[in-house]
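protein-v5.csv (CSV, C-alpha atoms and all ligand atoms)
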chain,number,residue,atom,x,y,z
C,1,MET,CA,-41.6,-23.7,31.8
C,2,SER,CA,-42.0,-20.7,29.5
C,3,PHE,CA,-40.6,-20.9,25.9
C,4,VAL,CA,-37.7,-18.6,26.7
C,5,GLU,CA,-36.8,-20.7,29.7
C,6,GLU,CA,-37.0,-23.9,27.5
C,7,VAL,CA,-34.6,-22.3,25.0
C,8,ALA,CA,-32.3,-21.1,27.8
C,9,ALA,CA,-32.2,-24.6,29.1
C,10,THR,CA,-31.1,-26.0,25.7
C,11,HIS,CA,-27.4,-26.2,24.8
C,12,GLY,CA,-26.7,-23.1,22.7
C,13,GLY,CA,-29.6,-21.0,24.1
C,14,GLU,CA,-28.1,-20.3,27.6
C,15,ASN,CA,-27.4,-16.6,27.1
C,16,ILE,CA,-30.6,-15.6,25.3
C,17,CYS,CA,-31.7,-13.3,28.2
C,18,ALA,CA,-28.5,-11.2,27.8
C,19,CYS,CA,-29.6,-9.9,24.4
C,20,ILE,CA,-30.0,-6.1,24.2
C,21,GLN,CA,-31.6,-6.2,20.8
C,22,CYS,CA,-28.8,-4.1,19.2
C,23,GLY,CA,-29.1,-5.9,15.9
C,24,ILE,CA,-25.4,-6.3,15.2
C,25,CYS,CA,-26.1,-10.1,14.6
C,26,THR,CA,-28.6,-9.4,11.9
C,27,GLY,CA,-26.4,-6.7,10.3
C,28,SER,CA,-23.5,-9.2,10.2
C,29,CYS,CA,-25.5,-12.2,8.9
C,30,PRO,CA,-25.0,-13.1,5.2
C,31,THR,CA,-28.3,-15.0,5.0
C,32,ALA,CA,-30.5,-12.5,7.0
C,33,GLY,CA,-32.2,-11.6,3.8
C,34,GLU,CA,-33.4,-15.2,3.3
C,35,MET,CA,-34.7,-15.5,6.8
C,36,GLU,CA,-38.3,-15.0,7.7
C,37,TYR,CA,-37.1,-13.8,11.1
C,38,PRO,CA,-33.4,-12.7,11.2
C,39,PRO,CA,-31.4,-13.4,14.4
C,40,ARG,CA,-32.3,-10.3,16.4
C,41,LYS,CA,-36.0,-10.7,15.6
C,42,ILE,CA,-36.1,-14.4,16.4
C,43,ILE,CA,-34.7,-13.6,19.8
C,44,ALA,CA,-37.4,-11.0,20.3
C,45,LEU,CA,-40.1,-13.6,19.3
C,46,ILE,CA,-38.7,-16.2,21.7
C,47,ARG,CA,-38.8,-13.8,24.5
C,48,ALA,CA,-42.4,-12.9,23.6
C,49,GLY,CA,-43.3,-16.6,23.9
C,50,MET,CA,-44.1,-17.2,20.2
C,51,ARG,CA,-43.2,-20.9,20.2
C,52,GLY,CA,-45.1,-22.1,17.1
C,53,GLU,CA,-44.0,-19.1,15.0
C,54,VAL,CA,-40.3,-19.7,15.9
C,55,LEU,CA,-40.1,-23.5,15.7
C,56,SER,CA,-42.1,-23.8,12.5
C,57,SER,CA,-40.1,-21.0,10.8
C,58,SER,CA,-37.3,-21.8,8.2
C,59,SER,CA,-35.1,-19.0,9.6
C,60,MET,CA,-32.6,-21.1,11.6
C,61,TRP,CA,-32.4,-23.6,8.8
C,62,HIS,CA,-30.8,-20.8,6.6
C,63,CYS,CA,-28.0,-20.3,9.1
C,64,LEU,CA,-24.6,-21.2,7.5
C,65,SER,CA,-22.8,-21.5,10.8
C,66,CYS,CA,-20.4,-18.8,9.7
C,67,TYR,CA,-20.3,-17.4,13.3
C,68,MET,CA,-20.0,-13.7,12.3
C,69,CYS,CA,-23.0,-13.0,14.7
C,70,THR,CA,-21.3,-14.8,17.5
C,71,LEU,CA,-18.0,-13.1,17.0
C,72,ARG,CA,-19.6,-9.6,17.0
C,73,CYS,CA,-22.3,-9.9,19.6
C,74,PRO,CA,-21.4,-7.6,22.5
C,75,ARG,CA,-23.4,-9.7,25.0
C,76,ASP,CA,-22.0,-13.2,24.2
C,77,VAL,CA,-25.5,-14.4,23.2
C,78,ARG,CA,-24.0,-16.8,20.5
C,79,PRO,CA,-26.9,-16.6,17.9
C,80,ALA,CA,-25.2,-19.3,15.8
C,81,GLU,CA,-25.5,-21.8,18.6
C,82,LEU,CA,-29.0,-20.5,19.3
C,83,ALA,CA,-29.9,-21.5,15.7
C,84,HIS,CA,-28.6,-25.0,16.4
C,85,ALA,CA,-30.6,-25.1,19.6
C,86,LEU,CA,-33.8,-24.1,17.7
C,87,LYS,CA,-33.2,-26.7,15.0
C,88,SER,CA,-32.8,-29.3,17.7
C,89,LEU,CA,-36.1,-28.2,19.4
C,90,ALA,CA,-38.0,-28.1,16.1
C,91,SER,CA,-36.8,-31.6,15.2
C,92,ARG,CA,-37.5,-33.0,18.7
C,93,TYR,CA,-41.2,-31.8,18.6
C,94,ASN,CA,-41.7,-32.7,14.9
C,95,TYR,CA,-42.5,-29.1,13.8
C,96,ARG,CA,-43.5,-28.9,10.1
C,97,ILE,CA,-41.1,-26.3,8.7
C,98,LYS,CA,-42.4,-23.9,6.1
C,99,GLY,CA,-40.4,-22.8,3.1
C,100,THR,CA,-37.3,-25.0,3.2
C,101,ARG,CA,-36.3,-28.6,2.5
C,102,ALA,CA,-33.2,-28.2,4.7
C,103,PRO,CA,-34.6,-30.5,7.5
C,104,ALA,CA,-35.1,-33.3,5.0
C,105,ILE,CA,-31.4,-33.2,3.9
C,106,TYR,CA,-30.3,-33.1,7.6
C,107,HIS,CA,-32.4,-36.3,8.3
C,108,SER,CA,-31.1,-38.0,5.2
C,109,PHE,CA,-27.5,-37.2,6.2
C,110,VAL,CA,-28.0,-38.4,9.8
C,111,SER,CA,-29.8,-41.6,8.7
C,112,SER,CA,-27.0,-42.5,6.2
C,113,MET,CA,-24.3,-41.8,8.8
C,114,ILE,CA,-26.1,-44.0,11.4
C,115,ASN,CA,-26.6,-46.9,9.0
C,116,ASN,CA,-23.1,-46.9,7.5
C,117,GLY,CA,-20.9,-45.2,10.1
C,118,ARG,CA,-20.2,-42.5,7.5
C,119,VAL,CA,-22.2,-40.8,4.8
C,120,HIS,CA,-23.0,-42.7,1.6
C,121,GLU,CA,-23.6,-39.9,-0.9
C,122,LEU,CA,-25.8,-41.9,-3.3
C,123,GLY,CA,-28.0,-43.3,-0.6
C,124,MET,CA,-28.3,-39.9,1.1
C,125,ILE,CA,-29.3,-38.0,-2.0
C,126,LEU,CA,-31.8,-40.7,-3.1
C,127,ARG,CA,-33.5,-40.6,0.2
C,128,TYR,CA,-33.6,-36.8,0.2
C,129,TYR,CA,-35.2,-36.6,-3.3
C,130,LEU,CA,-37.6,-39.5,-2.7
C,131,THR,CA,-38.9,-37.8,0.5
C,132,THR,CA,-39.1,-34.3,-1.1
C,133,ASN,CA,-39.4,-34.3,-4.8
C,134,PRO,CA,-38.9,-37.6,-6.7
C,135,LEU,CA,-39.2,-35.8,-10.1
C,136,VAL,CA,-36.0,-33.9,-9.5
C,137,ALA,CA,-34.3,-37.3,-8.9
C,138,LEU,CA,-35.2,-38.3,-12.4
C,139,LYS,CA,-33.7,-35.0,-13.7
C,140,ILE,CA,-30.3,-35.5,-12.0
C,141,PHE,CA,-30.2,-39.2,-12.9
C,142,PRO,CA,-27.8,-38.6,-16.0
C,143,VAL,CA,-25.3,-36.7,-13.8
C,144,GLY,CA,-25.5,-39.4,-11.1
C,145,LEU,CA,-24.9,-42.1,-13.8
C,146,LYS,CA,-21.8,-40.3,-15.0
C,147,LEU,CA,-20.4,-40.1,-11.5
C,148,LEU,CA,-21.0,-43.8,-11.0
C,149,LEU,CA,-19.4,-44.8,-14.3
C,150,ARG,CA,-16.4,-42.7,-13.6
C,151,ARG,CA,-16.1,-44.1,-10.1
C,152,ARG,CA,-16.5,-40.7,-8.5
C,153,MET,CA,-19.4,-41.9,-6.4
C,154,PRO,CA,-19.6,-45.5,-4.9
C,155,LEU,CA,-22.7,-47.5,-5.7
C,156,ARG,CA,-22.6,-49.4,-2.4
C,157,PRO,CA,-22.0,-47.8,1.0
C,158,HIS,CA,-18.7,-48.3,2.7
C,159,LYS,CA,-19.7,-49.5,6.2
C,160,THR,CA,-17.2,-48.6,8.9
C,161,SER,CA,-16.3,-51.0,11.7
C,162,GLY,CA,-17.5,-48.6,14.4
C,163,ARG,CA,-20.9,-48.0,13.0
C,164,ARG,CA,-22.7,-50.1,15.6
C,165,SER,CA,-21.1,-48.1,18.4
C,166,LEU,CA,-22.1,-44.9,16.7
C,167,ALA,CA,-25.7,-46.1,16.3
C,168,ARG,CA,-25.8,-47.0,20.0
C,169,MET,CA,-24.5,-43.5,20.9
C,170,VAL,CA,-27.1,-41.8,18.8
C,171,LYS,CA,-29.9,-44.0,20.3
C,172,LYS,CA,-28.8,-43.2,23.8
C,173,PHE,CA,-28.5,-39.5,23.0
C,174,ARG,CA,-32.0,-39.5,21.6
C,175,GLU,CA,-33.4,-41.3,24.6
C,176,ILE,CA,-31.8,-38.7,26.9
C,177,ARG,CA,-33.0,-35.7,24.8
C,178,GLY,CA,-36.4,-37.3,23.9
C,179,SER,CA,-35.7,-36.5,20.2
C,180,HIS,CA,-36.2,-38.5,17.0
C,201,LIG,S1,-25.8,-8.9,18.5
C,201,LIG,FE1,-26.1,-10.0,20.4
C,201,LIG,S2,-27.0,-8.5,21.8
C,201,LIG,FE2,-27.2,-7.7,19.7
C,201,LIG,S3,-29.2,-8.3,19.0
C,201,LIG,FE3,-27.8,-9.9,18.3
C,201,LIG,S4,-27.8,-11.4,19.9
C,201,LIG,FE4,-28.7,-9.5,20.8
C,202,LIG,S1,-23.8,-18.0,12.1
C,202,LIG,FE1,-25.8,-18.2,11.1
C,202,LIG,S2,-27.1,-16.6,12.1
C,202,LIG,FE2,-24.9,-16.1,12.5
C,202,LIG,S3,-24.2,-14.7,11.0
C,202,LIG,FE3,-23.7,-16.7,10.2
C,202,LIG,S4,-25.4,-17.4,9.0
C,202,LIG,FE4,-26.1,-15.7,10.2

Is it possible to give me this structure as structure tokens?
Amino acid sequence: MSFVEEVAATHGGENICACIQCGICTGSCPTAGEMEYPPRKIIALIRAGMRGEVLSSSSMWHCLSCYMCTLRCPRDVRPAELAHALKSLASRYNYRIKGTRAPAIYHSFVSSMINNGRVHELGMILRYYLTTNPLVALKIFPVGLKLLLRRRMPLRPHKTSGRRSLARMVKKFREIRGSH
């Protein structure tokens, strides 16, 4: 399977071949300036088979899911959903992403949600900083302490009754998708 076929077979990437490279998506995107490859260009790279460049790029991790591109695209390519599809592929194949820590916050969020049934803010943020930059965790410690003392952030996670069902669903989904 070529890279473009792989993307087209992923939920969110189905209409990639309909793109006419008009650039309306890039012109509408509020974070295009932050992206190594803005939406129009990333579609061109996918169609050129540049798998490594695309999946190791930080571009799709800058997407805010504002859906302006999707609203304005004349060919119903849905670049916002394409960005989700690319993040999913990059995670599934463990690509090392250059220039952003966004994947680490995603993984911390999902891990906290699976363990507790909902997100535990303190656990999530600790895991994020310990895996990316422990020194920053020390810097924000005073703010965290204030939040804890004023009971604005719980010390212990609130575990929901349905968390085991949620964990089973995620496990099954990962088995089907072959992701981590
Ligand atoms: S707006 Fe749609 S057709 Fe135009 S470049 Fe973007 S994805 Fe392609
Ligand atoms: S959904 Fe993402 S790619 Fe599309 S315009 Fe918004 S930020 Fe840009």

Excluding same-chain residues fewer than 6 positions from C:Ile42, what lies within 10 Å of it counting only C-alpha atoms, as a list of chain:residue names?
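Residues near the query, excluding close chain neighbours: C:Met35, C:Glu36, C:Ala48, C:Met50, C:Glu53, C:Val54, C:Leu55, C:Ser57, C:Ser59, C:Met60, C:Pro79, C:Leu82, C:Ala83.
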
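Computed from the coordinates, the atom FE3 of ligand LIG 202 (chain C) to atom CA of C:Cys29 distance equals 5.0 Å.
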
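Pairwise distance (atom CA of C:Ala167, atom CA of C:His120) equals 15.3 Å.
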
Pick out the residues no farther than 10 Å from ligand LIG 202 (chain C), counting only C-alpha atoms and all ligand atoms, and list them as number ranges by chain.
C: 24-33, 35, 38-40, 59-73, 78-84

Keeping only C-alpha atoms, write those residues as a PDB file, in the frame of the given file.
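Contents of out_12.pdb, freshly written:
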ATOM      1  CA  ILE C  24     -25.400  -6.300  15.200  1.00  0.00           C
ATOM      2  CA  CYS C  25     -26.100 -10.100  14.600  1.00  0.00           C
ATOM      3  CA  THR C  26     -28.600  -9.400  11.900  1.00  0.00           C
ATOM      4  CA  GLY C  27     -26.400  -6.700  10.300  1.00  0.00           C
ATOM      5  CA  SER C  28     -23.500  -9.200  10.200  1.00  0.00           C
ATOM      6  CA  CYS C  29     -25.500 -12.200   8.900  1.00  0.00           C
ATOM      7  CA  PRO C  30     -25.000 -13.100   5.200  1.00  0.00           C
ATOM      8  CA  THR C  31     -28.300 -15.000   5.000  1.00  0.00           C
ATOM      9  CA  ALA C  32     -30.500 -12.500   7.000  1.00  0.00           C
ATOM     10  CA  GLY C  33     -32.200 -11.600   3.800  1.00  0.00           C
ATOM     11  CA  MET C  35     -34.700 -15.500   6.800  1.00  0.00           C
ATOM     12  CA  PRO C  38     -33.400 -12.700  11.200  1.00  0.00           C
ATOM     13  CA  PRO C  39     -31.400 -13.400  14.400  1.00  0.00           C
ATOM     14  CA  ARG C  40     -32.300 -10.300  16.400  1.00  0.00           C
ATOM     15  CA  SER C  59     -35.100 -19.000   9.600  1.00  0.00           C
ATOM     16  CA  MET C  60     -32.600 -21.100  11.600  1.00  0.00           C
ATOM     17  CA  TRP C  61     -32.400 -23.600   8.800  1.00  0.00           C
ATOM     18  CA  HIS C  62     -30.800 -20.800   6.600  1.00  0.00           C
ATOM     19  CA  CYS C  63     -28.000 -20.300   9.100  1.00  0.00           C
ATOM     20  CA  LEU C  64     -24.600 -21.200   7.500  1.00  0.00           C
ATOM     21  CA  SER C  65     -22.800 -21.500  10.800  1.00  0.00           C
ATOM     22  CA  CYS C  66     -20.400 -18.800   9.700  1.00  0.00           C
ATOM     23  CA  TYR C  67     -20.300 -17.400  13.300  1.00  0.00           C
ATOM     24  CA  MET C  68     -20.000 -13.700  12.300  1.00  0.00           C
ATOM     25  CA  CYS C  69     -23.000 -13.000  14.700  1.00  0.00           C
ATOM     26  CA  THR C  70     -21.300 -14.800  17.500  1.00  0.00           C
ATOM     27  CA  LEU C  71     -18.000 -13.100  17.000  1.00  0.00           C
ATOM     28  CA  ARG C  72     -19.600  -9.600  17.000  1.00  0.00           C
ATOM     29  CA  CYS C  73     -22.300  -9.900  19.600  1.00  0.00           C
ATOM     30  CA  ARG C  78     -24.000 -16.800  20.500  1.00  0.00           C
ATOM     31  CA  PRO C  79     -26.900 -16.600  17.900  1.00  0.00           C
ATOM     32  CA  ALA C  80     -25.200 -19.300  15.800  1.00  0.00           C
ATOM     33  CA  GLU C  81     -25.500 -21.800  18.600  1.00  0.00           C
ATOM     34  CA  LEU C  82     -29.000 -20.500  19.300  1.00  0.00           C
ATOM     35  CA  ALA C  83     -29.900 -21.500  15.700  1.00  0.00           C
ATOM     36  CA  HIS C  84     -28.600 -25.000  16.400  1.00  0.00           C
TER      37      HIS C  84
END

Could you check the closest approach to C:Met169 for each of C:Thr131, C:Val77, C:Ile114, C:Lys146 and tell me which residue wins, using all atoms listed in the file?
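Ranking C:Thr131, C:Val77, C:Ile114, C:Lys146 by distance to C:Met169, first place goes to C:Ile114.
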
Fewer than 3 positions away in the same chain doesn't count, so skip those; otherwise give me all residues within 10 Å of C:Arg101, counting all atoms listed in the file, as a ChimeraX atom specification.
/C:58,61,97-98,104-106,128-129,131-133

Can you tell me, as a ChimeraX atom specification, what residues are no more than 12 Å from C:Glu14 when counting all atoms listed in the file, ignoring any on the same chain fewer than 2 positions away?
/C:4-12,16-19,75-79,81-82,85

If I take atom S3 of ligand LIG 201 (chain C) and atom CA of C:Pro74, how far is one from the other in Å, to one decimal?
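Between atom S3 of ligand LIG 201 (chain C) and atom CA of C:Pro74 the gap is 8.6 Å.
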
Shortest interatomic distance to ligand LIG 201 (chain C) - which of C:Asn116, C:Gln21, C:Ser111, C:Ser161, counting all atoms listed in the file
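For ligand LIG 201 (chain C), the nearest of the candidates is C:Gln21.
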
Once you count all atoms listed in the file, which residues end up no further than 10 Å from (-22.7, -41.2, 6.5) in the file's frame, shown as number ranges by chain?
C: 108-121, 123-124, 157-160, 163

Tell me which of C:Lys87, C:Arg152, C:Arg47, C:Arg96 sits closest to ligand LIG 201 (chain C), counting all atoms listed in the file.
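Closest residue, counting all atoms listed in the file: C:Arg47.
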
Given all atoms listed in the file as the basis, pick out the residue of C:Ile20, C:Arg127, C:Pro134, C:Ser56 nearest to ligand LIG 201 (chain C).
C:Ile20

Residue with smallest distance to ligand LIG 201 (chain C) - pool C:Arg156, C:Lys41, C:Arg92, C:His107, counting only C-alpha atoms and all ligand atoms:
C:Lys41

Env of C:Val143: 12 Å cut, atoms = only C-alpha atoms, seq-sep filter 6 positions within chain, self excluded. Answer as a list of chain:residue names.
C:Leu122, C:Val136, C:Ala137, C:Leu149, C:Arg150, C:Arg152, C:Met153

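With all atoms listed in the file as the atoms that count, the minimum distance from C:Phe3 to the choices C:Lys139, C:Arg51, C:Arg151, C:Arg174 is reached by C:Arg51.
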